[in-house]
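Next comes target_15.tsv, a file with TSV, C-alpha atoms.
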```
chain	number	residue	atom	x	y	z
A	1	MET	CA	0.00	0.00	0.00
A	2	SER	CA	1.44	3.36	-0.97
A	3	ASP	CA	1.52	6.10	1.57
A	4	PRO	CA	-0.85	8.91	0.66
A	5	ALA	CA	1.06	11.61	2.53
A	6	PRO	CA	4.77	10.78	2.67
A	7	ASP	CA	5.79	14.30	3.60
A	8	VAL	CA	4.20	14.16	7.02
A	9	ASN	CA	6.35	11.13	7.88
A	10	SER	CA	9.58	12.87	6.94
A	11	ALA	CA	8.45	15.97	8.81
A	12	LEU	CA	7.61	13.91	11.88
A	13	LEU	CA	10.92	12.08	11.94
A	14	SER	CA	12.86	15.29	11.36
A	15	ALA	CA	10.99	17.01	14.17
A	16	LEU	CA	11.70	14.15	16.58
A	17	LYS	CA	15.39	14.04	15.61
A	18	ASP	CA	15.73	17.81	15.83
A	19	ASN	CA	14.59	17.50	19.43
A	20	GLY	CA	17.13	14.85	20.35
A	21	ALA	CA	15.43	11.56	19.58
A	22	ASP	CA	18.06	9.14	18.27
A	23	TYR	CA	16.81	5.63	19.06
A	24	PHE	CA	13.55	4.22	17.74
A	25	VAL	CA	11.72	0.93	18.16
A	26	SER	CA	8.48	0.09	16.42
A	27	VAL	CA	5.55	-2.28	16.30
A	28	PRO	CA	3.60	-2.04	13.04
A	29	CYS	CA	0.30	-0.34	12.31
A	30	LYS	CA	-1.40	0.41	9.01
A	31	LEU	CA	-1.21	4.12	9.80
A	32	LEU	CA	2.53	3.79	10.48
A	33	THR	CA	3.43	2.13	7.17
A	34	GLY	CA	5.04	5.24	5.74
A	35	PHE	CA	6.65	6.33	9.01
A	36	ILE	CA	8.22	2.91	9.54
A	37	LYS	CA	9.64	3.08	6.02
A	38	THR	CA	11.02	6.52	6.81
A	39	MET	CA	12.72	5.20	9.96
A	40	GLU	CA	14.11	2.17	8.12
A	41	GLN	CA	15.76	4.41	5.54
A	42	ASP	CA	17.26	6.86	8.02
A	43	ARG	CA	20.93	6.07	8.62
A	44	GLU	CA	21.37	8.53	11.49
A	45	ILE	CA	19.08	6.89	14.01
A	46	GLY	CA	19.17	3.63	15.88
A	47	TYR	CA	16.14	1.68	14.74
A	48	VAL	CA	14.91	-1.73	15.90
A	49	PRO	CA	11.62	-3.29	14.82
A	50	VAL	CA	10.31	-5.35	17.73
A	51	ASN	CA	7.71	-8.07	18.20
A	52	ARG	CA	5.77	-6.59	21.06
A	53	GLU	CA	5.50	-3.29	22.90
A	54	GLU	CA	6.83	-4.62	26.22
A	55	GLU	CA	9.98	-5.77	24.50
A	56	GLY	CA	10.23	-2.34	22.92
A	57	LEU	CA	9.98	-0.61	26.28
A	58	GLY	CA	12.76	-2.84	27.58
A	59	LEU	CA	14.97	-1.86	24.66
A	60	CYS	CA	14.17	1.80	25.23
A	61	ALA	CA	15.05	1.46	28.94
A	62	GLY	CA	18.42	-0.09	28.14
A	63	ALA	CA	19.10	2.41	25.38
A	64	TRP	CA	18.30	5.35	27.67
A	65	MET	CA	20.68	4.04	30.31
A	66	GLY	CA	23.21	3.84	27.50
A	67	GLY	CA	22.78	7.54	26.78
A	68	ARG	CA	20.20	7.50	24.01
A	69	THR	CA	16.93	9.41	23.73
A	70	PRO	CA	14.40	6.68	22.92
A	71	VAL	CA	11.10	6.75	21.06
A	72	MET	CA	8.67	3.85	20.81
A	73	VAL	CA	6.42	3.86	17.75
A	74	MET	CA	3.31	1.76	18.17
A	75	GLN	CA	-0.44	1.42	17.73
A	76	ASN	CA	-2.84	2.30	20.53
A	77	THR	CA	-3.85	-1.35	20.95
A	78	GLY	CA	-0.34	-1.97	22.25
A	79	VAL	CA	-1.00	0.20	25.28
A	80	GLY	CA	-3.15	-2.63	26.59
A	81	THR	CA	-0.25	-5.07	26.67
A	82	LEU	CA	2.10	-2.46	28.07
A	83	ILE	CA	0.39	-1.28	31.25
A	84	THR	CA	2.38	-3.34	33.76
A	85	SER	CA	5.75	-2.50	32.23
A	86	LEU	CA	4.84	1.17	31.94
A	87	CYS	CA	4.08	1.13	35.67
A	88	SER	CA	6.85	-1.05	37.08
A	89	LEU	CA	9.63	-0.07	34.66
A	90	GLY	CA	8.78	3.21	32.94
A	91	ASN	CA	7.12	5.01	35.82
A	92	TYR	CA	8.89	3.30	38.72
A	93	TYR	CA	12.39	4.02	37.37
A	94	ARG	CA	11.18	7.29	35.82
A	95	LEU	CA	12.50	6.54	32.36
A	96	PRO	CA	11.91	9.22	29.73
A	97	VAL	CA	10.49	7.30	26.79
A	98	THR	CA	8.41	9.07	24.16
A	99	MET	CA	5.64	6.90	22.76
A	100	ILE	CA	4.36	7.83	19.32
A	101	ILE	CA	1.01	6.08	19.19
A	102	SER	CA	-1.06	5.76	16.04
A	103	HIS	CA	-4.72	5.72	16.91
A	104	ARG	CA	-7.19	3.27	15.49
A	105	GLY	CA	-10.84	3.24	16.43
A	106	SER	CA	-11.78	6.87	15.87
A	107	PRO	CA	-13.79	8.36	12.96
A	108	GLY	CA	-12.21	7.08	9.77
A	109	GLU	CA	-11.93	3.60	11.24
A	110	PRO	CA	-13.28	0.83	9.00
A	111	ILE	CA	-12.82	-2.03	11.52
A	112	GLY	CA	-15.28	-2.20	14.39
A	113	ALA	CA	-13.00	-4.31	16.55
A	114	GLN	CA	-10.61	-1.36	16.81
A	115	VAL	CA	-13.18	0.84	18.52
A	116	PRO	CA	-13.18	-0.60	22.08
A	117	MET	CA	-9.43	-0.17	22.62
A	118	GLY	CA	-9.49	3.07	20.67
A	119	THR	CA	-12.02	4.38	23.14
A	120	ALA	CA	-10.23	3.05	26.23
A	121	VAL	CA	-6.67	4.08	25.49
A	122	GLU	CA	-6.66	7.61	26.86
A	123	THR	CA	-8.44	6.54	30.04
A	124	LEU	CA	-5.87	3.76	30.53
A	125	LEU	CA	-2.97	6.16	30.08
A	126	ALA	CA	-4.57	8.68	32.43
A	127	THR	CA	-5.15	5.96	35.03
A	128	ILE	CA	-1.43	5.19	35.19
A	129	ASN	CA	-0.47	8.88	35.10
A	130	ILE	CA	1.19	9.00	31.70
A	131	PRO	CA	1.16	12.56	30.29
A	132	THR	CA	-0.78	12.21	27.06
A	133	PHE	CA	-1.10	14.54	24.09
A	134	ARG	CA	-3.22	14.13	20.99
A	135	PHE	CA	-2.75	15.55	17.52
A	136	GLY	CA	-4.79	15.23	14.35
A	137	ASP	CA	-3.26	17.72	11.93
A	138	PRO	CA	-0.18	16.97	9.83
A	139	ALA	CA	0.86	20.57	10.38
A	140	ASP	CA	1.47	19.60	14.03
A	141	ALA	CA	4.55	17.43	13.30
A	142	GLY	CA	6.80	20.15	14.70
A	143	LYS	CA	4.80	20.36	17.92
A	144	VAL	CA	5.03	16.59	18.31
A	145	GLY	CA	8.80	16.76	18.05
A	146	GLN	CA	8.97	19.46	20.67
A	147	LEU	CA	7.47	17.06	23.20
A	148	VAL	CA	10.55	14.80	23.18
A	149	PRO	CA	12.41	16.96	25.72
A	150	PHE	CA	9.26	17.03	27.84
A	151	ALA	CA	9.72	13.33	28.59
A	152	SER	CA	13.02	14.26	30.24
A	153	VAL	CA	11.43	17.17	32.08
A	154	ALA	CA	8.60	14.93	33.24
A	155	GLU	CA	11.13	12.17	34.06
A	156	GLY	CA	8.98	9.41	32.70
A	157	PRO	CA	7.18	7.97	29.72
A	158	ILE	CA	4.92	10.27	27.73
A	159	ALA	CA	2.30	9.35	25.13
A	160	ILE	CA	1.61	11.19	21.89
A	161	ILE	CA	-1.50	9.95	20.11
A	162	LEU	CA	-1.80	10.63	16.38
A	163	ASP	CA	-5.09	9.81	14.70
A	164	PHE	CA	-6.27	9.26	11.14
A	165	ASP	CA	-6.36	12.96	10.37
A	166	PHE	CA	-2.65	13.34	11.17
A	167	TRP	CA	-1.94	11.09	8.20
A	168	GLY	CA	-4.80	12.55	6.15
A	169	GLN	CA	-6.43	9.15	5.98
A	170	ARG	CA	-9.96	9.90	7.12
B	1	MET	CA	21.27	-32.66	29.77
B	2	SER	CA	20.54	-33.29	33.41
B	3	GLY	CA	20.48	-30.57	36.01
B	4	ASN	CA	22.60	-30.49	39.09
B	5	ASP	CA	20.86	-32.15	42.00
B	6	THR	CA	21.98	-29.79	44.69
B	7	MET	CA	23.07	-26.51	43.16
B	8	ARG	CA	20.40	-23.84	43.35
B	9	ARG	CA	20.38	-20.35	41.81
B	10	TYR	CA	22.09	-18.80	44.85
B	11	GLU	CA	25.05	-21.17	44.68
B	12	LEU	CA	25.15	-20.77	40.89
B	13	LEU	CA	25.30	-16.98	41.19
B	14	GLN	CA	28.10	-17.35	43.74
B	15	THR	CA	30.13	-19.21	41.13
B	16	ILE	CA	29.53	-16.75	38.28
B	17	VAL	CA	29.96	-13.45	40.15
B	18	PRO	CA	33.78	-13.59	39.89
B	19	ALA	CA	33.42	-14.10	36.14
B	20	LEU	CA	31.26	-11.00	35.64
B	21	GLY	CA	34.33	-8.76	35.72
B	22	ASP	CA	33.53	-5.21	34.64
B	23	ALA	CA	30.52	-6.21	32.57
B	24	PHE	CA	27.24	-4.39	33.01
B	25	VAL	CA	24.64	-6.70	34.47
B	26	ILE	CA	20.87	-6.52	34.16
B	27	CYS	CA	19.43	-8.80	36.82
B	28	ASN	CA	15.97	-10.32	36.80
B	29	LEU	CA	13.42	-9.23	39.37
B	30	GLY	CA	12.60	-10.90	42.66
B	31	PHE	CA	14.87	-13.46	44.26
B	32	PRO	CA	17.60	-13.34	41.56
B	33	SER	CA	18.22	-9.65	42.22
B	34	GLN	CA	18.05	-10.17	45.98
B	35	GLU	CA	20.56	-12.99	45.73
B	36	LEU	CA	22.96	-11.12	43.47
B	37	TYR	CA	22.76	-8.11	45.77
B	38	ALA	CA	23.50	-10.31	48.79
B	39	ILE	CA	26.47	-11.97	47.09
B	40	LYS	CA	27.95	-8.81	45.65
B	41	ASP	CA	26.56	-5.34	45.07
B	42	SER	CA	27.91	-3.08	42.35
B	43	GLU	CA	26.90	0.12	40.62
B	44	ARG	CA	27.27	-1.98	37.46
B	45	HIS	CA	24.28	-4.07	38.50
B	46	PHE	CA	20.85	-2.95	37.37
B	47	TYR	CA	18.38	-4.68	39.67
B	48	MET	CA	14.94	-5.08	38.18
B	49	LEU	CA	12.13	-4.52	40.65
B	50	GLY	CA	9.27	-5.18	38.23
B	51	SER	CA	8.49	-5.69	34.52
B	52	MET	CA	8.97	-9.46	34.55
B	53	GLY	CA	10.33	-10.76	31.26
B	54	LEU	CA	12.28	-7.70	30.20
B	55	SER	CA	15.78	-8.41	31.56
B	56	SER	CA	16.85	-9.72	28.16
B	57	SER	CA	15.38	-6.74	26.31
B	58	ILE	CA	16.85	-4.14	28.65
B	59	GLY	CA	20.30	-5.71	28.42
B	60	PHE	CA	20.09	-5.93	24.66
B	61	GLY	CA	18.98	-2.28	24.39
B	62	LEU	CA	22.00	-1.26	26.46
B	63	ALA	CA	24.42	-3.54	24.62
B	64	GLN	CA	23.64	-1.70	21.40
B	65	GLN	CA	24.95	1.53	22.96
B	66	THR	CA	28.20	0.44	24.54
B	67	ALA	CA	31.35	-1.42	23.58
B	68	LYS	CA	31.43	-3.03	27.04
B	69	THR	CA	30.06	-6.48	27.72
B	70	VAL	CA	26.44	-6.55	28.88
B	71	ILE	CA	25.11	-9.63	30.66
B	72	SER	CA	21.42	-10.13	31.34
B	73	ILE	CA	20.80	-12.59	34.14
B	74	ASP	CA	17.39	-13.95	33.39
B	75	GLY	CA	15.14	-16.81	34.48
B	76	ASP	CA	13.29	-19.54	32.63
B	77	GLY	CA	9.86	-18.23	33.58
B	78	SER	CA	10.78	-14.71	32.55
B	79	VAL	CA	12.28	-15.74	29.21
B	80	LEU	CA	9.15	-17.75	28.48
B	81	MET	CA	7.16	-14.53	28.96
B	82	ASN	CA	9.21	-12.68	26.32
B	83	LEU	CA	10.36	-15.31	23.84
B	84	GLY	CA	9.94	-12.96	20.90
B	85	THR	CA	12.88	-10.87	21.97
B	86	LEU	CA	15.20	-13.82	21.26
B	87	SER	CA	14.44	-13.39	17.56
B	88	THR	CA	15.08	-9.65	17.76
B	89	ILE	CA	18.40	-10.26	19.52
B	90	ALA	CA	19.34	-12.82	16.87
B	91	ARG	CA	18.63	-10.45	14.03
B	92	GLU	CA	20.34	-7.40	15.54
B	93	ALA	CA	23.15	-9.61	16.85
B	94	PRO	CA	24.86	-7.39	19.43
B	95	THR	CA	28.31	-9.01	19.71
B	96	ASN	CA	28.86	-7.81	23.30
B	97	PHE	CA	25.69	-9.32	24.74
B	98	VAL	CA	25.30	-12.43	26.88
B	99	LEU	CA	21.92	-13.74	27.98
B	100	PHE	CA	22.56	-15.91	31.01
B	101	ILE	CA	19.43	-17.86	31.85
B	102	VAL	CA	19.14	-19.49	35.25
B	103	ASP	CA	16.83	-22.40	34.48
B	104	ASN	CA	15.51	-23.96	37.65
B	105	GLY	CA	12.31	-25.09	35.98
B	106	SER	CA	10.21	-23.03	38.34
B	107	TYR	CA	8.76	-19.63	39.15
B	108	GLY	CA	11.07	-19.30	42.12
B	109	SER	CA	9.89	-15.96	43.46
B	110	THR	CA	6.26	-17.01	43.64
B	111	GLY	CA	6.44	-20.43	45.31
B	112	ASP	CA	8.33	-22.67	42.90
B	113	GLN	CA	5.44	-23.46	40.59
B	114	PRO	CA	6.88	-25.49	37.67
B	115	THR	CA	7.52	-23.72	34.35
B	116	GLN	CA	7.32	-25.41	30.96
B	117	THR	CA	11.10	-25.97	30.97
B	118	ALA	CA	10.49	-28.46	33.77
B	119	ARG	CA	8.33	-30.36	31.28
B	120	GLY	CA	10.81	-30.46	28.42
B	121	THR	CA	10.93	-27.06	26.72
B	122	SER	CA	14.54	-26.21	25.80
B	123	LEU	CA	15.32	-22.51	25.89
B	124	ALA	CA	18.74	-23.09	24.31
B	125	ALA	CA	17.07	-24.86	21.38
B	126	ILE	CA	14.58	-22.00	21.04
B	127	ALA	CA	17.37	-19.42	21.07
B	128	LYS	CA	19.27	-21.38	18.45
B	129	ALA	CA	16.17	-21.72	16.30
B	130	CYS	CA	15.73	-17.94	16.54
B	131	GLY	CA	19.21	-17.58	15.07
B	132	ILE	CA	21.48	-17.17	18.09
B	133	GLU	CA	24.11	-19.72	17.08
B	134	SER	CA	26.03	-19.56	20.33
B	135	SER	CA	23.32	-21.04	22.54
B	136	VAL	CA	24.18	-23.77	25.01
B	137	GLU	CA	22.61	-25.57	27.92
B	138	VAL	CA	24.96	-26.56	30.73
B	139	ALA	CA	24.72	-27.99	34.21
B	140	GLY	CA	24.84	-25.28	36.85
B	141	ALA	CA	28.22	-26.53	38.06
B	142	ASP	CA	29.68	-25.89	34.60
B	143	ALA	CA	28.05	-22.50	34.01
B	144	ALA	CA	30.87	-20.28	35.29
B	145	ASP	CA	33.31	-22.00	32.95
B	146	ALA	CA	30.84	-21.65	30.08
B	147	LEU	CA	30.44	-17.94	30.82
B	148	THR	CA	34.17	-17.37	31.07
B	149	ALA	CA	34.68	-19.19	27.79
B	150	VAL	CA	32.36	-16.90	25.82
B	151	LEU	CA	33.33	-13.58	27.39
B	152	GLY	CA	35.44	-11.62	24.96
B	153	THR	CA	34.32	-13.68	21.99
B	154	PRO	CA	31.81	-12.24	19.52
B	155	GLY	CA	28.21	-12.92	20.54
B	156	PRO	CA	25.40	-12.74	21.11
B	157	HIS	CA	25.63	-15.70	23.46
B	158	VAL	CA	22.92	-17.56	25.32
B	159	ILE	CA	23.86	-19.78	28.26
B	160	VAL	CA	21.13	-21.80	29.92
B	161	ALA	CA	22.30	-23.02	33.31
B	162	LYS	CA	20.24	-25.88	34.74
B	163	VAL	CA	19.86	-25.81	38.51
B	164	ALA	CA	17.46	-27.05	41.16
B	165	PRO	CA	14.57	-24.93	42.45
B	166	GLY	CA	14.78	-23.23	45.82
B	167	SER	CA	16.07	-20.04	47.36
B	168	PRO	CA	17.50	-18.89	50.66
B	169	LYS	CA	15.37	-16.46	52.63
B	170	LEU	CA	16.52	-12.94	51.86
B	171	THR	CA	15.08	-9.47	52.21
B	172	PRO	CA	14.19	-6.97	49.48
B	173	ILE	CA	17.04	-4.84	48.17
B	174	PRO	CA	17.30	-1.67	50.28
B	175	LEU	CA	17.87	0.58	47.26
B	176	SER	CA	15.25	2.73	45.60
B	177	SER	CA	14.57	2.38	41.90
B	178	LEU	CA	16.04	5.82	41.27
B	179	VAL	CA	19.26	5.01	43.12
B	180	ILE	CA	19.62	1.81	41.10
B	181	ARG	CA	18.90	3.75	37.90
B	182	ASP	CA	21.20	6.70	38.53
B	183	ARG	CA	24.28	4.88	39.74
B	184	PHE	CA	23.99	2.36	36.92
B	185	ARG	CA	23.58	5.06	34.27
B	186	ASP	CA	26.49	7.00	35.74
B	187	ALA	CA	28.64	3.87	35.59
B	188	VAL	CA	27.73	3.32	31.94
B	189	ARG	CA	28.56	6.95	31.17
B	190	ALA	CA	31.87	6.76	33.05
B	191	ALA	CA	32.85	3.59	31.20
B	192	ALA	CA	32.21	5.34	27.89
B	193	GLY	CA	34.76	7.95	28.96
```
What is this structure when it is put down as structure tokens?
Amino acid sequence: MSDPAPDVNSALLSALKDNGADYFVSVPCKLLTGFIKTMEQDREIGYVPVNREEEGLGLCAGAWMGGRTPVMVMQNTGVGTLITSLCSLGNYYRLPVTMIISHRGSPGEPIGAQVPMGTAVETLLATINIPTFRFGDPADAGKVGQLVPFASVAEGPIAIILDFDFWGQR
Amino acid sequence: MSGNDTMRRYELLQTIVPALGDAFVICNLGFPSQELYAIKDSERHFYMLGSMGLSSSIGFGLAQQTAKTVISIDGDGSVLMNLGTLSTIAREAPTNFVLFIVDNGSYGSTGDQPTQTARGTSLAAIAKACGIESSVEVAGADAADALTAVLGTPGPHVIVAKVAPGSPKLTPIPLSSLVIRDRFRDAVRAAAG
């Protein structure tokens, strides 16, 4: 499937890099197809595709202790599998990990099964005290990047939710 | 390969601690961390206090950032929770990474319930099938020699050390998560020069 708006992916990665992000892990999502390709082709960043979000958080934890500024790229459904590790690793050791979370289950969504987790995700993140920000305009790529240093200020994981409109796919 | 009848994780850790040298060590949560702390504490030890299953992933994530040796001390129950990371480690192939799995066939920190390795699952075979060529299973008594043999040779390496269940009674580590985090990160930074 070709990406309908490739520029937003380059803009997003540039914005994240400009703000210090230099280590990325990812779990796939249809909305992330183009962004994952952009990360794969970037020779300046560390990039590891992982099998599961918990594994990704572990990699980010190790990478941060090794001096990197980590970003985990994932779909909102992955938040469900990640709650315990976000609490007992991310929050408990106060590890600054920026999560870039594509959002399924909002208007534009063709698959009904995505709606329950799409609806629950922000409540789950709020319940475990993860600062959460939501964007739906490709023009906001720069603002997304500027949140990377906030993870260090907040001393802990932060969540940035990007929905269909961010990729112009509604 | 048969396990050792008498050696438990605590005695195994006693034998491997001298071999750890100046490696950075990520230690699995619960009794393993308590035992390592009791045997020898170091700012180069990252003691996990939660997030069961992620010792391998944390160590691997660190190994990618440093030229120093990184050793994750893991457990059979924890590795079984995060088997997928073995394939990621195989593909990324960090040469300075050792996954040292204490396989006592039980969930030791929760009352020694048997894990699937007690019923025949081979973690060394799984690691090898994932693509980590240097994957061996050894009796606990031979594990320190096996670890010494691979240190300094290009990895990644997986060593599965078979021991008996059981643990001495210890107390939780009297260090906060932030102390563990900060002194470990400082040690990594200092080693990088």
Need the axis-aligned box for segment 11-27 of chain A with 4 Å each side, so what are the centre and edges in Å to one decimal, as JSON?
```
{"center_x": 11.8, "center_y": 7.8, "center_z": 14.6, "size_x": 20.5, "size_y": 28.1, "size_z": 19.5}
```
Compute the set of chain A residues within 8 Å of chain B, using only C-alpha atoms, and express it as an NGL selection string.
:A and (48-52 or 54-56 or 58-68 or 84-85 or 88-89 or 92-94)
Considering only C-alpha atoms, state which residue in the set A:Phe35, A:Phe133, A:Phe164, A:Tyr23 is at the smallest distance from Gly105 of chain A.
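With only C-alpha atoms as the atom set, the closest residue is A:Phe164.
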When you look at Pro110 of chain A with a cut-off of 12 Å (counting all atoms listed in the file), what residues show up, excluding the ones that are within fewer than 5 positions of it in the same chain? I need them as a PDB file with C-alpha atoms, keeping the file's coordinate frame.
```
ATOM      1  CA  LYS A  30      -1.400   0.410   9.010  1.00  0.00           C
ATOM      2  CA  ARG A 104      -7.190   3.270  15.490  1.00  0.00           C
ATOM      3  CA  GLY A 105     -10.840   3.240  16.430  1.00  0.00           C
ATOM      4  CA  VAL A 115     -13.180   0.840  18.520  1.00  0.00           C
ATOM      5  CA  PHE A 164      -6.270   9.260  11.140  1.00  0.00           C
ATOM      6  CA  GLN A 169      -6.430   9.150   5.980  1.00  0.00           C
ATOM      7  CA  ARG A 170      -9.960   9.900   7.120  1.00  0.00           C
TER       8      ARG A 170
END
```
Name all residues at most 10 Å from Ser109 of chain B (count only C-alpha atoms; drop same-chain ones fewer than 2 positions away) and give them as a compact mmCIF listing (two decimals) with C-alpha atoms, in the frame of the given file.
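Result file is around_30.txt:
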```txt
# COMPACT_ATOMS: atom_id res chain seq x y z
CA LEU B 29 13.42 -9.23 39.37
CA GLY B 30 12.60 -10.90 42.66
CA PHE B 31 14.87 -13.46 44.26
CA PRO B 32 17.60 -13.34 41.56
CA SER B 106 10.21 -23.03 38.34
CA TYR B 107 8.76 -19.63 39.15
CA GLY B 111 6.44 -20.43 45.31
CA ASP B 112 8.33 -22.67 42.90
CA GLN B 113 5.44 -23.46 40.59
CA GLY B 166 14.78 -23.23 45.82
CA SER B 167 16.07 -20.04 47.36
```
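The space separating atom CA of Ile36 of chain A from atom CA of Gly112 of chain A comes to 24.5 Å.
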Just the number, please: distance in Å from atom CA of Asp74 of chain B to atom CA of Ala149 of chain B, one decimal.
18.9 Å
Spatial neighbours of Pro168 of chain B, 10 Å, all atoms listed in the file, chain gap at least 6 places, as a list in words
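So the residues in contact are Arg8, Arg9, Tyr10, Glu11, Phe31, Gln34 and Glu35 of chain B.
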Using only C-alpha atoms, what residues lie at most 8 Å away from (-5.5, 10.2, 13.8) (file coordinates), given as an NGL selection string?
:A and (102-104 or 106 or 135-136 or 161-167 or 169)
Please produce a file of those selected residues containing C-alpha atoms, as a compact mmCIF listing (two decimals), in the frame of the given file.
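See result.txt below for the written result:
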```
# COMPACT_ATOMS: atom_id res chain seq x y z
CA SER A 102 -1.06 5.76 16.04
CA HIS A 103 -4.72 5.72 16.91
CA ARG A 104 -7.19 3.27 15.49
CA SER A 106 -11.78 6.87 15.87
CA PHE A 135 -2.75 15.55 17.52
CA GLY A 136 -4.79 15.23 14.35
CA ILE A 161 -1.50 9.95 20.11
CA LEU A 162 -1.80 10.63 16.38
CA ASP A 163 -5.09 9.81 14.70
CA PHE A 164 -6.27 9.26 11.14
CA ASP A 165 -6.36 12.96 10.37
CA PHE A 166 -2.65 13.34 11.17
CA TRP A 167 -1.94 11.09 8.20
CA GLN A 169 -6.43 9.15 5.98
```
Could you tell me how far atom CA of Gly118 of chain A sits from atom CA of Gly168 of chain A, in Å to one decimal place?
18.0 Å
Do you know which residues are at most 10 Å from Pro131 of chain A counting only C-alpha atoms, after dropping those on the same chain fewer than 6 positions away, and could you put them as a list in words?
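Listing them by chain and then by number gives Glu122, Leu125, Phe150, Ala151, Ala154, Gly156, Pro157, Ile158, Ala159 and Ile160 of chain A.
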Distance criterion (all atoms listed in the file): nearest to Ile101 of chain B out of B:Ser134, B:Asn28, B:Gln116, B:Thr153:
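Closest residue, counting all atoms listed in the file: B:Asn28.
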In terms of the shortest atom-to-atom distance over only C-alpha atoms, which of B:Val158, B:Ile173, B:Met7, B:Leu36 is closest to Val79 of chain B?
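Checking each of B:Val158, B:Ile173, B:Met7, B:Leu36 against Val79 of chain B, counting only C-alpha atoms, the winner is B:Val158.
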Find the residues around segment 12-21 of chain A up to 10 Å (only C-alpha atoms counted), leave out those fewer than 6 positions away in its own chain, and share them as an MDAnalysis selection string.
chainID A and resid 35:36 38:39 42 44:46 68:71 97:98 138:150
Saved selection, atoms kept: C-alpha atoms, as a compact mmCIF listing (two decimals), in the frame of the given file:
```
# COMPACT_ATOMS: atom_id res chain seq x y z
CA PHE A 35 6.65 6.33 9.01
CA ILE A 36 8.22 2.91 9.54
CA THR A 38 11.02 6.52 6.81
CA MET A 39 12.72 5.20 9.96
CA ASP A 42 17.26 6.86 8.02
CA GLU A 44 21.37 8.53 11.49
CA ILE A 45 19.08 6.89 14.01
CA GLY A 46 19.17 3.63 15.88
CA ARG A 68 20.20 7.50 24.01
CA THR A 69 16.93 9.41 23.73
CA PRO A 70 14.40 6.68 22.92
CA VAL A 71 11.10 6.75 21.06
CA VAL A 97 10.49 7.30 26.79
CA THR A 98 8.41 9.07 24.16
CA PRO A 138 -0.18 16.97 9.83
CA ALA A 139 0.86 20.57 10.38
CA ASP A 140 1.47 19.60 14.03
CA ALA A 141 4.55 17.43 13.30
CA GLY A 142 6.80 20.15 14.70
CA LYS A 143 4.80 20.36 17.92
CA VAL A 144 5.03 16.59 18.31
CA GLY A 145 8.80 16.76 18.05
CA GLN A 146 8.97 19.46 20.67
CA LEU A 147 7.47 17.06 23.20
CA VAL A 148 10.55 14.80 23.18
CA PRO A 149 12.41 16.96 25.72
CA PHE A 150 9.26 17.03 27.84
```
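Ranking B:Thr6, B:Ser78, B:Thr95, B:Thr148 by their shortest atom-to-atom distance to Thr115 of chain B, with all atoms listed in the file included, puts B:Ser78 first.
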Counting only C-alpha atoms, the residue of A:Ala120, A:Ala113, A:Met99, A:Ile128 that sits nearest Ile83 of chain A:
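The answer is A:Ile128, which sits nearest to Ile83 of chain A.
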